[in-house]
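A.B. asks: Sharing a structure with you now.
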Amino acid sequence: MLVFVPESAVRTGGRFDLVGAAGLSVALVCLLLGVSKASELSGGTTAGLFVAAGVVLLLWGWWELRSSQPLVDLRTTARRQVLLTNVASVVFAFSMFAQSLVLPQILQLPASTGHGLGQSLLVTGLVLVPSGLVMMAMAPVSARISNTRGPRATLMLGAVVVASGYGAGIFLMSAVWQLVVVSAMIGSGIGLAYGAMPALIMVAVPASDTAAANSLNTLMRAIGTSVSSAVAGVVLTQVTMPFSFRLIMGLGAATALLACAVAACIPRLSRRTP
């Protein structure tokens with residue numbers, strides 16, 4: 001990395017916003033703990049975590065808006081392109097992570113239950129390998145589409161492909177080869193969409209803010225996957241199989257289409273915002 005990647009010529013200076021980092025960390029811990037442990041904690045504790053997260057986020061926002069060198073420039077984040085890209089990222093991450101929760105369970109549940117394929121952990125891992133390979137193969141395709149049609153179109157196309165994969169998964173879950181096809185379809189959509197999100201962010205913010213803006217976008221995706229995990233856990237424990245698997249597949253398709261709809265509202269920008 002030190003030898004082959006040139007150092008950026010942009011120098012912005014500044015200092016680390018320790019108060020902002022601590023406030024954001026506390027707020028996210030409360031939020032994600034409430035989401036991920038909602039089924040284990042009492043209703044009052046869960047509500048208290050959500051209230052605490054909201055209060056800390058408000059105080060954090062007040063601090064960031066008044067800080068001369070904030071951890072996150074909220075005024076830049078509030079720009080329509082950045083804001084909508086982050087919203088689409090949360091929704092798309094929810095959709096993306098659903099397959100990681102349902103496919104291994106279908107593969108490993110004993111065949112005697114009538115809902116699983118009774119495969120080993122090794123076979124389960126091998127079934128999911130093509131998804132990762134397809135993601136890598138689609139990366140240059142994503143870049144080419146973004147160069148010719150713009151990253152917004154790439155994100156929308158990726159979301160539609162992911163939705164198609166989940167739609168197929170509702171009906172194709174009775175054989176190992178079917179799950180390979182489903183995971184590969186979803187993986188191809190993820191490969192298309194994930195490269196477009198940083199591009200949408202970078203074209204909308206000043207060069208000095210790209211690191212912070214993309215870090216926040218990554219955080220939005222993490223929130224989406226955490227919420228997806230919590231929702232899928234509730235569905236798997238409360239809904240009878242195999243309907244629960246199909247329901248999660250349906251939620252994955254619906255949220256992917258929602259991400260596509262949000263992406264369609266992102267304005268077109270042809271150059272980096274000054």
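By order in the structure tokens, chains are A, B, ...; within a chain, residues start at 1; ligands start at 1, following the order shown.
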Please list as a list in words every residue within 8 Å of Ser174 of chain A, counting only C-alpha atoms and excluding residues in the same chain fewer than 3 positions away.

C.D. replies: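 That gives Gly116, Leu117 and Gln178 of chain A.
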
A.B. asks: If you run DSSP over the backbone, which residues in segment 70-250 of chain A end up helix (DSSP H, G or I)? Put them as JSON, numbers by chain.

C.D. replies: {"A": [74, 75, 76, 77, 80, 81, 82, 83, 84, 85, 86, 87, 88, 89, 90, 91, 92, 93, 94, 95, 96, 97, 98, 99, 100, 101, 102, 103, 104, 105, 106, 107, 108, 111, 112, 113, 121, 122, 123, 124, 125, 126, 127, 128, 129, 130, 131, 132, 133, 134, 135, 136, 137, 138, 139, 140, 141, 142, 143, 144, 145, 146, 147, 148, 149, 151, 152, 153, 154, 155, 156, 157, 158, 159, 160, 161, 162, 163, 164, 165, 166, 167, 168, 169, 170, 171, 176, 177, 178, 179, 180, 181, 182, 183, 184, 185, 186, 187, 188, 189, 190, 191, 192, 193, 194, 195, 196, 197, 198, 199, 200, 201, 202, 207, 208, 209, 210, 211, 212, 213, 214, 215, 216, 217, 218, 219, 220, 221, 222, 223, 224, 225, 226, 227, 228, 229, 230, 231, 232, 233, 234, 235, 236, 237, 238, 243, 244, 245, 246, 247, 248, 249, 250]}

A.B. asks: Excluding Val91 of chain A and residues on its chain fewer than 4 positions from it, collect all residues at most 7 Å away from it, counting only C-alpha atoms, and give them as a PDB file with N, CA, C and O atoms, in the first residue's frame.

C.D. replies:
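So part.pdb came out as:
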ATOM      1  N   VAL A  87     -29.922   6.836   3.280  1.00  0.00           N
ATOM      2  CA  VAL A  87     -31.193   6.136   3.516  1.00  0.00           C
ATOM      3  C   VAL A  87     -31.255   4.870   2.657  1.00  0.00           C
ATOM      4  O   VAL A  87     -31.616   3.779   3.140  1.00  0.00           O
ATOM      5  N   SER A  95     -31.746  -5.539   3.236  1.00  0.00           N
ATOM      6  CA  SER A  95     -32.061  -6.557   2.241  1.00  0.00           C
ATOM      7  C   SER A  95     -30.893  -7.503   2.035  1.00  0.00           C
ATOM      8  O   SER A  95     -31.046  -8.729   2.017  1.00  0.00           O
ATOM      9  N   GLY A 224     -28.236  -1.021   9.039  1.00  0.00           N
ATOM     10  CA  GLY A 224     -29.178  -1.817   8.250  1.00  0.00           C
ATOM     11  C   GLY A 224     -29.021  -3.302   8.473  1.00  0.00           C
ATOM     12  O   GLY A 224     -30.014  -4.029   8.634  1.00  0.00           O
ATOM     13  N   THR A 255     -37.553  -4.804   0.550  1.00  0.00           N
ATOM     14  CA  THR A 255     -36.632  -3.747   0.965  1.00  0.00           C
ATOM     15  C   THR A 255     -35.649  -3.391  -0.154  1.00  0.00           C
ATOM     16  O   THR A 255     -35.241  -2.229  -0.274  1.00  0.00           O
ATOM     17  N   ALA A 259     -35.200   0.289  -1.626  1.00  0.00           N
ATOM     18  CA  ALA A 259     -33.908   0.946  -1.842  1.00  0.00           C
ATOM     19  C   ALA A 259     -33.818   1.500  -3.261  1.00  0.00           C
ATOM     20  O   ALA A 259     -33.286   2.597  -3.480  1.00  0.00           O
TER      21      ALA A 259
END

A.B. asks: Using only C-alpha atoms, which residues sit within 10 Å of segment 53-65 of chain A once same-chain residues fewer than 6 positions away are excluded, as a PyMOL selection string?

C.D. replies: chain A and resi 17+19-34+47+71-75

A.B. asks: Keeping N, CA, C and O atoms for every residue in the selection just given, could you write it to a file as a PDB file, in the first residue's frame?

C.D. replies:
ATOM      1  N   ASP A  17     -12.363  14.898  16.939  1.00  0.00           N
ATOM      2  CA  ASP A  17     -13.498  15.326  17.767  1.00  0.00           C
ATOM      3  C   ASP A  17     -13.815  14.218  18.771  1.00  0.00           C
ATOM      4  O   ASP A  17     -14.652  13.347  18.518  1.00  0.00           O
ATOM      5  N   VAL A  19     -15.269  14.345  21.770  1.00  0.00           N
ATOM      6  CA  VAL A  19     -16.630  14.411  22.323  1.00  0.00           C
ATOM      7  C   VAL A  19     -17.643  13.868  21.313  1.00  0.00           C
ATOM      8  O   VAL A  19     -18.541  13.097  21.659  1.00  0.00           O
ATOM      9  N   GLY A  20     -17.492  14.257  20.049  1.00  0.00           N
ATOM     10  CA  GLY A  20     -18.394  13.756  19.016  1.00  0.00           C
ATOM     11  C   GLY A  20     -18.301  12.263  18.839  1.00  0.00           C
ATOM     12  O   GLY A  20     -19.315  11.572  18.682  1.00  0.00           O
ATOM     13  N   ALA A  21     -17.077  11.714  18.878  1.00  0.00           N
ATOM     14  CA  ALA A  21     -16.898  10.271  18.733  1.00  0.00           C
ATOM     15  C   ALA A  21     -17.522   9.524  19.902  1.00  0.00           C
ATOM     16  O   ALA A  21     -18.183   8.487  19.718  1.00  0.00           O
ATOM     17  N   ALA A  22     -17.324  10.042  21.106  1.00  0.00           N
ATOM     18  CA  ALA A  22     -17.899   9.387  22.285  1.00  0.00           C
ATOM     19  C   ALA A  22     -19.426   9.438  22.252  1.00  0.00           C
ATOM     20  O   ALA A  22     -20.109   8.438  22.539  1.00  0.00           O
ATOM     21  N   GLY A  23     -19.977  10.584  21.882  1.00  0.00           N
ATOM     22  CA  GLY A  23     -21.433  10.711  21.826  1.00  0.00           C
ATOM     23  C   GLY A  23     -22.052   9.794  20.797  1.00  0.00           C
ATOM     24  O   GLY A  23     -23.061   9.123  21.068  1.00  0.00           O
ATOM     25  N   LEU A  24     -21.455   9.732  19.609  1.00  0.00           N
ATOM     26  CA  LEU A  24     -21.983   8.852  18.565  1.00  0.00           C
ATOM     27  C   LEU A  24     -21.868   7.389  18.975  1.00  0.00           C
ATOM     28  O   LEU A  24     -22.779   6.588  18.723  1.00  0.00           O
ATOM     29  N   SER A  25     -20.780   7.034  19.633  1.00  0.00           N
ATOM     30  CA  SER A  25     -20.591   5.651  20.081  1.00  0.00           C
ATOM     31  C   SER A  25     -21.656   5.249  21.096  1.00  0.00           C
ATOM     32  O   SER A  25     -22.249   4.167  21.000  1.00  0.00           O
ATOM     33  N   VAL A  26     -21.907   6.120  22.054  1.00  0.00           N
ATOM     34  CA  VAL A  26     -22.917   5.819  23.084  1.00  0.00           C
ATOM     35  C   VAL A  26     -24.297   5.677  22.444  1.00  0.00           C
ATOM     36  O   VAL A  26     -25.053   4.749  22.755  1.00  0.00           O
ATOM     37  N   ALA A  27     -24.635   6.592  21.543  1.00  0.00           N
ATOM     38  CA  ALA A  27     -25.945   6.544  20.897  1.00  0.00           C
ATOM     39  C   ALA A  27     -26.121   5.255  20.090  1.00  0.00           C
ATOM     40  O   ALA A  27     -27.168   4.602  20.153  1.00  0.00           O
ATOM     41  N   LEU A  28     -25.090   4.859  19.351  1.00  0.00           N
ATOM     42  CA  LEU A  28     -25.191   3.651  18.526  1.00  0.00           C
ATOM     43  C   LEU A  28     -25.223   2.387  19.373  1.00  0.00           C
ATOM     44  O   LEU A  28     -25.915   1.427  19.022  1.00  0.00           O
ATOM     45  N   VAL A  29     -24.473   2.380  20.464  1.00  0.00           N
ATOM     46  CA  VAL A  29     -24.528   1.219  21.362  1.00  0.00           C
ATOM     47  C   VAL A  29     -25.942   1.042  21.905  1.00  0.00           C
ATOM     48  O   VAL A  29     -26.489  -0.069  21.913  1.00  0.00           O
ATOM     49  N   CYS A  30     -26.562   2.118  22.349  1.00  0.00           N
ATOM     50  CA  CYS A  30     -27.938   2.038  22.865  1.00  0.00           C
ATOM     51  C   CYS A  30     -28.911   1.596  21.779  1.00  0.00           C
ATOM     52  O   CYS A  30     -29.770   0.735  22.000  1.00  0.00           O
ATOM     53  N   LEU A  31     -28.775   2.188  20.576  1.00  0.00           N
ATOM     54  CA  LEU A  31     -29.687   1.860  19.485  1.00  0.00           C
ATOM     55  C   LEU A  31     -29.551   0.403  19.051  1.00  0.00           C
ATOM     56  O   LEU A  31     -30.542  -0.328  18.979  1.00  0.00           O
ATOM     57  N   LEU A  32     -28.331  -0.033  18.778  1.00  0.00           N
ATOM     58  CA  LEU A  32     -28.119  -1.386  18.257  1.00  0.00           C
ATOM     59  C   LEU A  32     -28.347  -2.446  19.326  1.00  0.00           C
ATOM     60  O   LEU A  32     -28.788  -3.559  19.017  1.00  0.00           O
ATOM     61  N   LEU A  33     -28.068  -2.123  20.574  1.00  0.00           N
ATOM     62  CA  LEU A  33     -28.360  -3.067  21.654  1.00  0.00           C
ATOM     63  C   LEU A  33     -29.868  -3.252  21.782  1.00  0.00           C
ATOM     64  O   LEU A  33     -30.353  -4.383  21.964  1.00  0.00           O
ATOM     65  N   GLY A  34     -30.618  -2.157  21.686  1.00  0.00           N
ATOM     66  CA  GLY A  34     -32.072  -2.270  21.743  1.00  0.00           C
ATOM     67  C   GLY A  34     -32.638  -3.054  20.578  1.00  0.00           C
ATOM     68  O   GLY A  34     -33.574  -3.838  20.741  1.00  0.00           O
ATOM     69  N   ALA A  47     -37.309   0.005  25.547  1.00  0.00           N
ATOM     70  CA  ALA A  47     -37.776   1.372  25.329  1.00  0.00           C
ATOM     71  C   ALA A  47     -36.786   2.386  25.894  1.00  0.00           C
ATOM     72  O   ALA A  47     -36.528   3.432  25.284  1.00  0.00           O
ATOM     73  N   LEU A  71     -16.847  15.808  14.095  1.00  0.00           N
ATOM     74  CA  LEU A  71     -16.579  14.455  13.619  1.00  0.00           C
ATOM     75  C   LEU A  71     -17.292  14.206  12.300  1.00  0.00           C
ATOM     76  O   LEU A  71     -16.728  13.618  11.369  1.00  0.00           O
ATOM     77  N   VAL A  72     -18.544  14.654  12.201  1.00  0.00           N
ATOM     78  CA  VAL A  72     -19.355  14.549  10.989  1.00  0.00           C
ATOM     79  C   VAL A  72     -19.942  15.919  10.689  1.00  0.00           C
ATOM     80  O   VAL A  72     -20.577  16.520  11.557  1.00  0.00           O
ATOM     81  N   ASP A  73     -19.731  16.386   9.476  1.00  0.00           N
ATOM     82  CA  ASP A  73     -20.316  17.661   9.070  1.00  0.00           C
ATOM     83  C   ASP A  73     -21.786  17.420   8.729  1.00  0.00           C
ATOM     84  O   ASP A  73     -22.118  16.966   7.639  1.00  0.00           O
ATOM     85  N   LEU A  74     -22.663  17.717   9.670  1.00  0.00           N
ATOM     86  CA  LEU A  74     -24.077  17.423   9.480  1.00  0.00           C
ATOM     87  C   LEU A  74     -24.705  18.274   8.388  1.00  0.00           C
ATOM     88  O   LEU A  74     -25.686  17.855   7.766  1.00  0.00           O
ATOM     89  N   ARG A  75     -24.161  19.439   8.144  1.00  0.00           N
ATOM     90  CA  ARG A  75     -24.703  20.273   7.063  1.00  0.00           C
ATOM     91  C   ARG A  75     -24.434  19.625   5.708  1.00  0.00           C
ATOM     92  O   ARG A  75     -25.287  19.654   4.810  1.00  0.00           O
TER      93      ARG A  75
END

A.B. asks: I need the residue nearest Val162 of chain A from this list: A:Ser226, A:Gly250, A:Met241, A:Gln105. Use only C-alpha atoms for the distance.

C.D. replies: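 The answer is A:Gly250, which sits nearest to Val162 of chain A.
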
A.B. asks: Set the distance at 7 Å and use only C-alpha atoms: which residues neighbour Pro151 of chain A once local chain neighbours fewer than 6 positions away are removed? I'd like the list as a ChimeraX atom specification.

C.D. replies: /A:196,199-200

A.B. asks: Output C-alpha atoms of each residue in that selection to a file, as a PDB file, in the first residue's frame.

C.D. replies:
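Output file out_8.pdb follows:
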ATOM      1  CA  ALA A 196     -22.073   2.779  -6.436  1.00  0.00           C
ATOM      2  CA  ALA A 199     -19.323   7.084  -5.739  1.00  0.00           C
ATOM      3  CA  LEU A 200     -22.629   8.791  -4.988  1.00  0.00           C
TER       4      LEU A 200
END

A.B. asks: Residues near Ala232 of chain A, anyone? I mean within 9 Å using only C-alpha atoms, not counting same-chain ones fewer than 5 positions away, as a list of chain:residue names.

C.D. replies: A:Ala98, A:Leu101, A:Val102, A:Val227, A:Thr237, A:Ser244, A:Ile248

A.B. asks: Using only C-alpha atoms, which of the listed residues (A:Phe4, A:Phe16, A:Tyr166, A:Phe92) sits closest to Ala193 of chain A?

C.D. replies: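 Of A:Phe4, A:Phe16, A:Tyr166, A:Phe92, the one nearest Ala193 of chain A is A:Phe92, counting only C-alpha atoms.
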